[in-house]
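> Sharing entry28.cif (mmCIF, C-alpha atoms) below.
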data_coords
#
loop_
_atom_site.label_atom_id
_atom_site.label_comp_id
_atom_site.auth_asym_id
_atom_site.auth_seq_id
_atom_site.Cartn_x
_atom_site.Cartn_y
_atom_site.Cartn_z
CA MET A 1 125.50 44.42 34.95
CA TYR A 2 124.79 43.91 38.65
CA ILE A 3 125.89 40.75 40.50
CA ILE A 4 122.80 40.78 42.72
CA LYS A 5 119.32 40.86 41.22
CA THR A 6 117.36 44.04 41.85
CA GLY A 7 114.52 43.32 44.26
CA THR A 8 116.44 40.76 46.31
CA TYR A 9 118.61 43.07 48.45
CA LEU A 10 116.33 42.82 51.49
CA ASP A 11 116.12 39.04 51.11
CA LEU A 12 119.91 38.87 50.91
CA SER A 13 120.27 41.01 54.03
CA LEU A 14 117.95 38.58 55.85
CA LEU A 15 120.06 35.65 54.66
CA VAL A 16 123.27 37.32 55.88
CA ILE A 17 121.70 38.11 59.26
CA LEU A 18 120.56 34.49 59.61
CA ILE A 19 124.00 33.13 58.71
CA ILE A 20 125.64 35.37 61.33
CA ALA A 21 123.01 34.39 63.92
CA MET A 22 123.48 30.72 63.04
CA TYR A 23 127.24 30.99 63.51
CA TYR A 24 126.82 32.75 66.85
CA TYR A 25 124.14 30.50 68.32
CA ASN A 26 125.77 27.28 67.06
CA LYS A 27 128.92 28.34 68.82
CA ILE A 28 127.22 28.95 72.16
CA ALA A 29 125.01 25.85 71.73
CA LEU A 30 128.07 23.66 71.28
CA ALA A 31 129.56 25.26 74.40
CA GLY A 32 126.32 24.38 76.25
CA LYS A 33 125.54 27.99 77.06
CA LEU A 34 122.19 28.45 75.31
CA PRO A 35 119.45 30.13 77.36
CA PRO A 36 116.84 27.61 78.62
CA LEU A 37 113.67 26.87 76.67
CA ARG A 38 110.29 26.64 78.31
CA LYS A 39 108.58 23.35 79.02
CA ILE A 40 105.92 22.17 76.57
CA PRO A 41 103.15 20.03 78.15
CA ALA A 42 102.53 18.01 74.97
CA ILE A 43 106.04 16.53 75.20
CA GLU A 44 105.22 14.89 78.53
CA ALA A 45 101.94 13.65 77.12
CA ILE A 46 103.89 11.53 74.64
CA THR A 47 105.39 9.47 77.47
CA GLU A 48 101.95 9.22 79.08
CA GLY A 49 100.55 7.97 75.78
CA VAL A 50 103.21 5.29 75.49
CA GLY A 51 102.29 4.13 79.02
CA LYS A 52 98.62 4.13 78.08
CA SER A 53 99.36 2.01 75.01
CA ILE A 54 101.19 -0.57 77.12
CA GLU A 55 98.40 -0.71 79.71
CA GLU A 56 95.77 -1.20 77.00
CA ASN A 57 97.97 -3.55 74.96
CA LYS A 58 97.51 -1.37 71.89
CA PRO A 59 100.14 -0.02 69.49
CA VAL A 60 101.60 3.46 69.33
CA HIS A 61 100.95 5.00 65.93
CA TYR A 62 103.26 7.60 64.45
CA ALA A 63 102.35 9.64 61.37
CA MET A 64 104.21 12.52 59.76
CA GLY A 65 101.43 13.29 57.26
CA ALA A 66 100.51 11.82 53.91
CA SER A 67 102.87 14.31 52.28
CA GLY A 68 105.19 14.51 55.24
CA GLY A 69 108.33 13.16 53.64
CA GLN A 70 109.16 16.13 51.45
CA LEU A 71 112.89 16.69 51.19
CA TYR A 72 112.86 19.40 48.56
CA SER A 73 110.20 21.98 49.32
CA GLN A 74 109.92 24.96 51.68
CA LEU A 75 108.25 22.56 54.12
CA VAL A 76 111.36 20.42 54.51
CA SER A 77 111.99 21.81 58.01
CA MET A 78 108.83 20.03 59.16
CA THR A 79 110.15 16.75 57.74
CA ILE A 80 113.33 17.20 59.80
CA VAL A 81 111.32 17.88 62.96
CA ALA A 82 109.08 14.89 62.23
CA LEU A 83 112.16 12.68 61.95
CA ALA A 84 113.43 13.97 65.31
CA PHE A 85 110.07 13.05 66.87
CA LEU A 86 110.18 9.65 65.17
CA HIS A 87 113.56 8.92 66.75
CA TYR A 88 112.19 10.02 70.12
CA ILE A 89 109.05 7.87 69.94
CA ALA A 90 111.07 4.87 68.70
CA ARG A 91 113.33 5.26 71.73
CA LEU A 92 110.37 5.48 74.11
CA CYS A 93 108.71 2.42 72.56
CA ALA A 94 111.95 0.46 72.76
CA LYS A 95 112.52 1.56 76.34
CA TYR A 96 109.06 0.66 77.63
CA GLY A 97 108.29 -2.21 75.26
CA ALA A 98 105.38 -0.68 73.34
CA LYS A 99 104.57 -1.73 69.78
CA LEU A 100 105.26 1.03 67.27
CA ILE A 101 103.56 1.44 63.90
CA VAL A 102 104.93 4.13 61.59
CA HIS A 103 102.65 5.36 58.83
CA MET A 104 105.11 6.52 56.22
CA PRO A 105 104.30 9.41 53.91
CA TYR A 106 103.77 8.83 50.22
CA GLN A 107 106.93 10.82 49.38
CA ALA A 108 109.00 7.67 49.30
CA GLU A 109 112.37 9.43 49.05
CA SER A 110 112.38 9.85 52.82
CA ILE A 111 111.86 6.13 53.54
CA PRO A 112 115.59 5.40 54.14
CA LEU A 113 115.71 8.24 56.68
CA ILE A 114 112.58 6.98 58.40
CA GLU A 115 113.91 3.44 58.67
CA ALA A 116 117.26 4.72 59.92
CA MET A 117 115.58 6.83 62.63
CA VAL A 118 113.50 3.93 63.92
CA ARG A 119 116.40 1.48 63.81
CA ASP A 120 118.65 3.95 65.62
CA GLY A 121 115.99 4.63 68.25
CA TYR A 122 115.87 0.93 69.14
CA LYS A 123 119.65 0.70 68.98
CA VAL A 124 120.19 3.66 71.32
CA GLU A 125 118.00 1.94 73.91
CA GLY A 126 120.04 -1.25 73.52
CA LYS A 127 117.19 -3.26 71.99
CA PRO A 128 117.89 -3.46 68.24
CA GLU A 129 116.33 -6.94 68.10
CA LEU A 130 112.89 -5.46 68.85
CA PHE A 131 112.85 -3.56 65.56
CA ASP A 132 110.43 -5.15 63.10
CA ILE A 133 110.49 -3.75 59.58
CA SER A 134 106.80 -4.52 59.06
CA CYS A 135 106.06 -1.72 61.53
CA LEU A 136 106.96 0.68 58.72
CA ARG A 137 103.82 0.99 56.61
CA TYR A 138 103.78 2.46 53.14
CA HIS A 139 100.27 3.10 51.86
CA GLY A 140 100.78 3.98 48.23
CA TYR A 141 100.85 7.30 46.47
CA GLY A 142 98.29 9.94 47.38
CA ALA A 143 96.64 11.37 50.46
CA LEU A 144 93.45 9.43 49.89
CA THR A 145 95.02 5.98 49.91
CA TRP A 146 97.08 7.06 52.91
CA THR A 147 94.01 8.17 54.87
CA GLN A 148 92.11 4.97 54.11
CA SER A 149 94.99 2.70 55.10
CA VAL A 150 95.85 4.59 58.27
CA THR A 151 92.28 4.57 59.54
CA ALA A 152 91.99 0.88 58.62
CA SER A 153 95.09 0.23 60.71
CA TYR A 154 93.58 2.12 63.68
CA ASP A 155 90.48 -0.02 63.37
CA ALA A 156 92.20 -3.37 62.92
CA GLU A 157 95.06 -3.00 65.37
CA GLY A 158 93.74 -0.42 67.86
CA VAL A 159 95.29 2.87 68.98
CA GLY A 160 96.91 3.63 72.31
CA LEU A 161 98.77 6.78 71.36
CA ASN A 162 98.55 8.54 68.02
CA LEU A 163 101.45 10.92 67.58
CA SER A 164 101.08 13.03 64.44
CA ILE A 165 103.79 15.57 63.70
CA GLY A 166 104.67 17.02 60.33
CA ILE A 167 103.22 18.23 57.06
CA PHE A 168 99.47 17.71 57.11
CA TYR A 169 96.86 18.76 54.61
CA SER A 170 93.24 17.64 54.59
CA ASP A 171 94.34 14.13 55.54
CA CYS A 172 94.55 15.01 59.24
CA PRO A 173 90.87 15.72 60.04
CA ILE A 174 90.10 12.13 59.11
CA SER A 175 93.10 10.38 60.64
CA LEU A 176 93.09 12.34 63.91
CA GLU A 177 89.39 12.00 64.54
CA MET A 178 89.35 8.31 63.66
CA ALA A 179 92.18 7.75 66.15
CA LYS A 180 90.12 9.60 68.75
CA ILE A 181 87.00 7.58 67.97
CA LYS A 182 89.03 4.37 68.35
CA GLY A 183 90.07 5.45 71.85
CA GLY A 184 93.54 6.78 71.12
CA LEU A 185 95.30 9.64 72.86
CA ASN A 186 96.01 12.21 70.17
CA VAL A 187 99.18 14.27 70.45
CA GLY A 188 100.34 16.28 67.48
CA GLY A 189 100.97 19.46 65.61
CA THR A 190 101.89 20.93 62.29
CA GLY A 191 103.73 24.03 61.13
CA ARG A 192 101.11 24.54 58.43
CA TRP A 193 98.99 27.17 60.18
CA ILE A 194 95.99 26.51 57.96
CA MET A 195 95.63 23.00 59.43
CA VAL A 196 96.35 23.94 63.05
CA TYR A 197 92.56 24.17 63.60
CA ALA A 198 92.21 20.41 63.06
CA PHE A 199 94.93 19.64 65.59
CA ALA A 200 93.46 22.10 68.09
CA MET A 201 90.03 20.50 67.76
CA MET A 202 91.03 16.87 67.62
CA CYS A 203 94.17 16.48 69.72
CA ASP A 204 94.29 15.95 73.47
CA TYR A 205 97.66 17.71 73.50
CA VAL A 206 98.67 20.01 70.68
CA PHE A 207 101.86 21.67 69.48
CA LEU A 208 100.69 25.01 68.11
CA GLY A 209 102.38 25.96 64.85
CA GLN A 210 106.05 26.66 65.35
CA GLU A 211 106.02 24.91 68.73
CA ILE A 212 106.84 21.72 66.82
CA TYR A 213 110.28 23.16 66.00
CA THR A 214 110.96 24.06 69.63
CA ALA A 215 109.63 20.73 70.85
CA GLY A 216 111.67 18.87 68.23
CA ALA A 217 114.80 20.65 69.43
CA ILE A 218 114.02 19.92 73.09
CA ILE A 219 113.39 16.20 72.61
CA SER A 220 116.40 15.70 70.36
CA GLN A 221 118.73 17.88 72.49
CA ASN A 222 120.63 18.37 69.26
CA PRO A 223 122.66 21.58 69.67
CA TYR A 224 122.08 22.59 66.04
CA LEU A 225 118.30 22.20 66.34
CA LEU A 226 118.34 24.02 69.69
CA SER A 227 120.32 26.92 68.25
CA GLY A 228 117.91 26.95 65.30
CA VAL A 229 115.12 28.01 67.65
CA PHE A 230 117.08 31.16 68.50
CA VAL A 231 118.14 31.80 64.92
CA GLU A 232 114.48 31.65 63.93
CA GLU A 233 113.70 34.36 66.50
CA VAL A 234 116.44 36.59 65.12
CA GLY A 235 115.03 36.21 61.62
CA LYS A 236 111.58 37.00 62.90
CA TYR A 237 112.77 40.20 64.58
CA TYR A 238 114.67 41.31 61.52
CA SER A 239 111.47 40.81 59.50
CA TYR A 240 109.58 42.95 62.03
CA ILE A 241 112.21 45.68 61.66
CA LEU A 242 111.85 45.56 57.88
CA LEU A 243 108.11 45.77 58.28
CA ILE A 244 108.35 48.86 60.49
CA LEU A 245 110.82 50.47 58.08
CA GLY A 246 108.40 49.68 55.27
CA PHE A 247 105.56 51.39 57.13
CA ILE A 248 107.72 54.47 57.68
CA ALA A 249 108.87 54.49 54.04
CA ALA A 250 105.27 54.15 52.85
CA ALA A 251 104.19 57.02 55.14
CA LEU A 252 106.95 59.17 53.65
CA GLY A 253 105.83 58.24 50.14
CA ALA A 254 108.82 56.00 49.45
CA GLY A 255 107.11 52.64 49.99
CA ALA A 256 107.45 51.46 46.37
CA ALA A 257 111.17 52.28 46.31
CA PHE A 258 111.74 50.52 49.66
CA PHE A 259 109.97 47.30 48.70
CA ALA A 260 111.69 47.29 45.28
CA LEU A 261 115.02 46.82 47.05
CA MET B 11 119.80 27.26 44.13
CA ILE B 12 120.61 30.26 46.32
CA LEU B 13 122.72 31.78 43.56
CA SER B 14 119.89 31.35 41.05
CA TYR B 15 117.64 33.36 43.36
CA PHE B 16 120.03 36.21 44.09
CA THR B 17 122.04 36.54 40.89
CA PRO B 18 120.91 37.34 37.33
CA PHE B 19 123.21 34.78 35.66
CA GLU B 20 121.42 32.38 33.35
CA VAL B 21 123.72 29.45 34.15
CA PHE B 22 122.38 29.23 37.71
CA ALA B 23 118.78 29.42 36.51
CA GLN B 24 119.46 26.56 34.08
CA PHE B 25 121.07 24.50 36.83
CA LYS B 26 118.06 25.13 39.03
CA GLY B 27 115.74 23.91 36.28
CA ILE B 28 117.74 20.70 35.76
CA ALA B 29 118.05 20.01 39.50
CA THR B 30 114.33 20.57 40.01
CA ASN B 31 113.50 18.11 37.23
CA TRP B 32 115.81 15.51 38.73
CA VAL B 33 114.22 15.93 42.15
CA VAL B 34 110.84 15.12 40.61
CA ILE B 35 112.28 12.10 38.78
CA ILE B 36 114.06 10.73 41.85
CA SER B 37 110.97 11.26 43.97
CA ALA B 38 108.82 9.33 41.47
CA VAL B 39 111.28 6.46 41.15
CA THR B 40 111.52 5.97 44.91
CA VAL B 41 107.87 4.97 44.95
CA ALA B 42 109.15 1.53 43.88
CA MET B 43 110.92 1.41 47.24
CA GLY B 44 107.59 2.10 48.91
CA LEU B 45 106.13 -0.85 47.06
CA VAL B 46 108.69 -3.13 48.74
CA TYR B 47 107.65 -1.91 52.19
CA MET B 48 103.98 -2.17 51.29
CA THR B 49 104.43 -5.75 50.09
CA ASN B 50 106.27 -6.63 53.29
CA ALA B 51 103.47 -5.20 55.44
CA GLN B 52 100.75 -6.87 53.33
CA ILE B 53 102.43 -10.28 53.66
CA LYS B 54 102.85 -9.86 57.42
CA MET B 55 99.21 -8.80 57.79
CA TYR B 56 98.03 -11.86 55.86
CA GLN B 57 100.30 -14.13 57.88
CA ARG B 58 98.78 -12.75 61.08
CA ASN B 59 95.23 -12.99 59.80
CA ARG B 60 94.85 -15.84 57.30
CA THR B 61 91.23 -15.22 56.35
CA PRO B 62 89.59 -14.96 52.93
CA LEU B 63 88.69 -11.35 53.70
CA GLN B 64 92.30 -10.39 54.41
CA LEU B 65 93.36 -12.17 51.23
CA ALA B 66 90.75 -10.20 49.32
CA TYR B 67 92.21 -6.94 50.72
CA VAL B 68 95.70 -7.94 49.63
CA LEU B 69 94.64 -9.03 46.15
CA THR B 70 92.50 -5.91 45.63
CA THR B 71 95.49 -3.71 46.44
CA TYR B 72 97.68 -5.40 43.85
CA PHE B 73 94.92 -5.71 41.27
CA PHE B 74 94.50 -1.94 41.21
CA PHE B 75 98.22 -1.34 41.41
CA PHE B 76 98.84 -3.43 38.28
CA ALA B 77 95.75 -2.06 36.55
CA PHE B 78 97.06 1.50 36.88
CA LEU B 79 100.62 0.48 36.09
CA ILE B 80 99.70 -1.40 32.91
CA SER B 81 97.31 1.28 31.66
CA GLY B 82 100.02 3.87 32.29
CA LEU B 83 102.84 1.91 30.66
CA ALA B 84 100.69 0.96 27.66
CA TYR B 85 100.88 4.55 26.48
CA PRO B 86 104.29 5.83 27.65
CA GLY B 87 104.32 9.54 28.32
CA ASP B 88 100.60 9.90 27.74
CA ILE B 89 98.66 10.02 30.96
CA ASN B 90 95.76 11.48 29.01
CA SER B 91 95.15 8.21 27.19
CA ARG B 92 91.50 7.09 27.22
CA GLU B 93 92.30 3.93 29.21
CA TYR B 94 94.32 5.63 31.92
CA GLN B 95 91.79 8.43 32.22
CA TRP B 96 89.00 5.88 32.58
CA TRP B 97 90.74 4.26 35.54
CA PHE B 98 91.60 7.63 37.02
CA GLN B 99 88.20 9.26 36.61
CA ASN B 100 86.02 6.28 37.45
CA ILE B 101 88.03 4.62 40.21
CA TYR B 102 90.55 6.99 41.80
CA GLY B 103 88.38 10.10 41.50
CA ASN B 104 85.30 8.45 42.98
CA VAL B 105 87.18 6.75 45.79
CA GLY B 106 88.84 10.08 46.54
CA ALA B 107 85.50 11.90 46.69
CA THR B 108 84.13 9.22 49.00
CA VAL B 109 87.08 9.48 51.37
CA TYR B 110 86.79 13.27 51.44
CA ALA B 111 83.09 12.89 52.20
CA VAL B 112 84.07 10.97 55.35
CA MET B 113 85.67 14.21 56.51
CA PHE B 114 82.18 15.64 57.07
CA PHE B 115 81.53 13.03 59.76
CA THR B 116 84.93 13.38 61.42
CA LEU B 117 84.66 17.17 61.48
CA ALA B 118 81.10 17.02 62.82
CA SER B 119 82.21 14.59 65.51
CA SER B 120 85.14 16.75 66.61
CA ALA B 121 83.08 19.95 66.37
CA TYR B 122 80.49 18.43 68.68
CA ARG B 123 83.21 17.70 71.23
CA THR B 124 84.92 21.05 70.84
CA PHE B 125 81.92 23.38 70.72
CA VAL B 126 79.99 22.00 73.67
CA VAL B 127 77.67 24.83 74.69
CA SER B 128 78.87 25.51 78.20
CA SER B 129 79.34 29.28 78.23
CA ILE B 130 78.11 32.46 76.52
CA GLU B 131 81.27 32.50 74.39
CA ALA B 132 80.57 28.94 73.21
CA VAL B 133 76.99 29.95 72.30
CA ALA B 134 78.31 32.88 70.24
CA LEU B 135 80.80 30.59 68.52
CA LEU B 136 78.12 28.03 67.78
CA LEU B 137 75.69 30.60 66.35
CA GLY B 138 78.39 32.24 64.27
CA GLY B 139 79.55 28.88 62.93
CA MET B 140 76.01 27.82 62.08
CA LEU B 141 75.28 31.05 60.23
CA TYR B 142 78.58 30.79 58.38
CA THR B 143 77.83 27.23 57.32
CA LEU B 144 74.11 27.43 56.61
CA ARG B 145 74.41 30.50 54.37
CA GLN B 146 76.42 28.40 51.91
CA ILE B 147 73.87 25.59 51.63
CA PRO B 148 71.47 26.11 48.66
CA LEU B 149 68.49 24.75 50.63
CA PHE B 150 68.80 27.49 53.23
CA GLN B 151 69.58 30.14 50.62
CA VAL B 152 66.22 29.38 48.95
CA TYR B 153 63.94 28.94 51.97
CA ILE B 154 65.62 31.34 54.43
CA PRO B 155 67.12 33.99 52.11
CA TRP B 156 67.86 36.45 54.94
CA ILE B 157 70.44 34.03 56.29
CA VAL B 158 72.81 34.98 53.45
CA PRO B 159 73.26 38.71 54.28
CA LEU B 160 73.24 37.91 58.01
CA GLY B 161 75.96 35.29 57.55
CA GLU B 162 77.97 37.69 55.37
CA TRP B 163 77.68 40.40 58.05
CA VAL B 164 78.88 38.02 60.77
CA LEU B 165 81.77 37.00 58.53
CA LEU B 166 82.84 40.49 57.50
CA VAL B 167 82.17 42.58 60.63
CA PRO B 168 82.43 40.78 64.00
CA ASN B 169 84.57 37.94 62.62
CA THR B 170 87.04 40.27 60.90
CA ALA B 171 87.22 42.62 63.89
CA GLY B 172 87.72 39.78 66.36
CA GLY B 173 90.20 38.04 64.05
CA ARG B 174 92.32 41.16 63.67
CA GLY B 175 92.31 41.69 67.42
CA ALA B 176 93.42 38.08 67.94
CA VAL B 177 96.18 38.35 65.34
CA VAL B 178 97.50 41.62 66.83
CA ALA B 179 97.40 40.11 70.34
CA ALA B 180 99.15 36.93 69.17
CA ALA B 181 101.82 38.94 67.35
CA LEU B 182 102.50 41.06 70.45
CA ALA B 183 102.62 37.93 72.61
CA ALA B 184 105.06 36.31 70.16
CA LEU B 185 107.27 39.40 70.39
CA VAL B 186 107.32 39.26 74.17
CA VAL B 187 107.96 35.50 74.34
CA GLY B 188 110.67 35.84 71.69
CA ILE B 189 112.48 38.60 73.59
CA ARG B 190 112.26 36.61 76.83
CA THR B 191 113.57 33.48 75.09
CA LEU B 192 116.48 35.28 73.44
CA TRP B 193 117.49 36.90 76.74
CA GLY B 194 117.03 33.68 78.69
CA LYS B 195 114.34 35.28 80.84
CA GLU B 196 111.59 32.76 80.09
CA VAL B 197 111.55 31.54 83.68
CA THR B 198 107.82 31.57 84.37
CA LEU B 199 107.70 27.94 83.33
CA GLU B 200 109.85 25.02 84.37
CA VAL B 201 113.13 24.74 82.50
CA ALA B 202 113.20 21.92 79.95
CA SER B 203 116.74 22.04 78.68
#
How does the structure come out when it is put into structure tokens?

Amino acid sequence: MYIIKTGTYLDLSLLVILIIAMYYYNKIALAGKLPPLRKIPAIEAITEGVGKSIEENKPVHYAMGASGGQLYSQLVSMTIVALAFLHYIARLCAKYGAKLIVHMPYQAESIPLIEAMVRDGYKVEGKPELFDISCLRYHGYGALTWTQSVTASYDAEGVGLNLSIGIFYSDCPISLEMAKIKGGLNVGGTGRWIMVYAFAMMCDYVFLGQEIYTAGAIISQNPYLLSGVFVEEVGKYYSYILLILGFIAAALGAGAAFFAL
Amino acid sequence: MILSYFTPFEVFAQFKGIATNWVVIISAVTVAMGLVYMTNAQIKMYQRNRTPLQLAYVLTTYFFFFAFLISGLAYPGDINSREYQWWFQNIYGNVGATVYAVMFFTLASSAYRTFVVSSIEAVALLLGGMLYTLRQIPLFQVYIPWIVPLGEWVLLVPNTAGGRGAVVAAALAALVVGIRTLWGKEVTLEVAS
């Protein structure tokens, strides 16, 4: 009996490569020797949006998607990035004195993390007294109730900046466009490529696909998130190599044997 | 979890099954925590805006919350009960369909902004999009039947060819940017970290 399941050898090799890359890049990230990352214009737009909100006396809205609080699926990396952005926007709002409204996802298991991020953001800026728990809005279970409540909030309270980062499904075409119609500056992105079209159409500044991970690492300046950007590239290149080897194996008539590994 | 994926041992698969079930249970139970936050926000909103309309919003929220809760708890473990299904089909389903219908207006609004006809490329995009959309509407299928094969051709020939070109170009660009990032040579733009 084999210890490793047949058909998972290539997956295991990818895992090993990623662990080695993670060890290496974490080490150089902690030593502050990571190569620089390029500037992403949408990050600067967030600060502009906070300024706009203050000038117009309107709140800053933050949404991580109706289903953006997942802590147990393959999309969990987007939840982590969304939390990094939440901490960043909470800090900016505390620093400049803008009102923040956080539209929490219906996956309620992430609520303690969300509250902790916002509280810590205010605390880091030395203004913990400005934190108001009623800024954390839970809209009930389901994307439909979430969409209705979020758009109602845009209408009733106004929108200066609408920052939407995280796991979005068909909730975002409604929420983003309604924020736009209500005069908000839309900045956002999702790692779900199938919904990137909505962000590209409706946002003034967009993070395209995996840019949210890079941007999340840049704004947090967390060495582990920063090194993750490089680890991700290593994994991507290893996948390309496997793909090329697969092409060659298929051309030699050994494709089935290769992909059965 | 990782061991259950890579190894053939049944014990890991069983553990994965139990852990997955508990994740679902914990996730469902934490909704009660959401209710606390929702109540807090509802109270604050009513305090800020003490009008009959706001009170109606608050009461409506809790009326439906308790209606679903009671109809669910009345038949424990049976979400297919007639009562629960009535609430689900006649209230939740219809409200959901209405909200999704709003998406038509938001998409049309954003499409108008995005696809402003200002160049030959925008005209091509607009025509292609119209053909793609209209060929799926029964009214046009009946009165303009030639729109169906034309729309299919646009979808399968120019769209597929252009799409593949774009994907290949994006993949090559990702390779180049990735190599530059890994080697620390991405210096064409201002350094952010």
> Name the residues that the PyMOL selection byres ((chain A) within 7 of (chain B)) pulls out of this structure, and write them as a PDB file with C-alpha atoms, keeping the file's coordinate frame.

ATOM      1  CA  ILE A   3     125.890  40.750  40.500  1.00  0.00           C
ATOM      2  CA  ILE A   4     122.800  40.780  42.720  1.00  0.00           C
ATOM      3  CA  LYS A   5     119.320  40.860  41.220  1.00  0.00           C
ATOM      4  CA  THR A   8     116.440  40.760  46.310  1.00  0.00           C
ATOM      5  CA  PRO A  35     119.450  30.130  77.360  1.00  0.00           C
ATOM      6  CA  PRO A  36     116.840  27.610  78.620  1.00  0.00           C
ATOM      7  CA  LEU A  37     113.670  26.870  76.670  1.00  0.00           C
ATOM      8  CA  ARG A  38     110.290  26.640  78.310  1.00  0.00           C
ATOM      9  CA  LYS A  39     108.580  23.350  79.020  1.00  0.00           C
ATOM     10  CA  GLN A 107     106.930  10.820  49.380  1.00  0.00           C
ATOM     11  CA  ALA A 108     109.000   7.670  49.300  1.00  0.00           C
ATOM     12  CA  GLU A 109     112.370   9.430  49.050  1.00  0.00           C
ATOM     13  CA  SER A 134     106.800  -4.520  59.060  1.00  0.00           C
ATOM     14  CA  ARG A 137     103.820   0.990  56.610  1.00  0.00           C
ATOM     15  CA  TYR A 138     103.780   2.460  53.140  1.00  0.00           C
ATOM     16  CA  HIS A 139     100.270   3.100  51.860  1.00  0.00           C
ATOM     17  CA  LEU A 144      93.450   9.430  49.890  1.00  0.00           C
ATOM     18  CA  PRO A 173      90.870  15.720  60.040  1.00  0.00           C
ATOM     19  CA  ILE A 174      90.100  12.130  59.110  1.00  0.00           C
ATOM     20  CA  GLU A 177      89.390  12.000  64.540  1.00  0.00           C
ATOM     21  CA  MET A 201      90.030  20.500  67.760  1.00  0.00           C
ATOM     22  CA  MET A 202      91.030  16.870  67.620  1.00  0.00           C
ATOM     23  CA  ILE A 218     114.020  19.920  73.090  1.00  0.00           C
ATOM     24  CA  PHE A 230     117.080  31.160  68.500  1.00  0.00           C
ATOM     25  CA  GLU A 233     113.700  34.360  66.500  1.00  0.00           C
TER      26      GLU A 233
END
> Nearest to Gly97 (chain A) among A:Ser77, A:Asn57, A:Ser110, A:Asn222, with distances taken over all atoms listed in the file: which residue is it?
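The answer is A:Asn57, which sits nearest to Gly97 (chain A).
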> Compile the contact shell of region 183-197 of chain A as a ChimeraX atom specification: residues with an atom at most 9 Å away, counting all atoms listed in the file, same-chain residues fewer than 6 positions apart removed.
/A:42-43,45-46,49,52-53,60,75,78,154,158-170,172-173,176-177,203-213
> Here's a test: counting only C-alpha atoms, identify every protein, DNA and RNA residue with an atom at most 7 Å from (116.6, 8.5, 69.7) in the file's coordinate frame, and state them as an NGL selection string.
:A and (87-88 or 90-91 or 120-121 or 124)
> In Å to one decimal, how far is CA of Val50 (chain A) from CA of Ala94 (chain A)?
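Answer for the CA of Ala94 (chain A) to CA of Val50 (chain A) separation: 10.4 Å.
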> Quick one: pull the distance between CA of Leu137 (chain B) and CA of Phe199 (chain A), Å, one decimal.
22.2 Å
> Report the distance between CA of Ala132 (chain B) and CA of Leu165 (chain B) in Å, rounded to one decimal place.
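Taking CA of Ala132 (chain B) as the start and CA of Leu165 (chain B) as the end point, the length is 16.8 Å.
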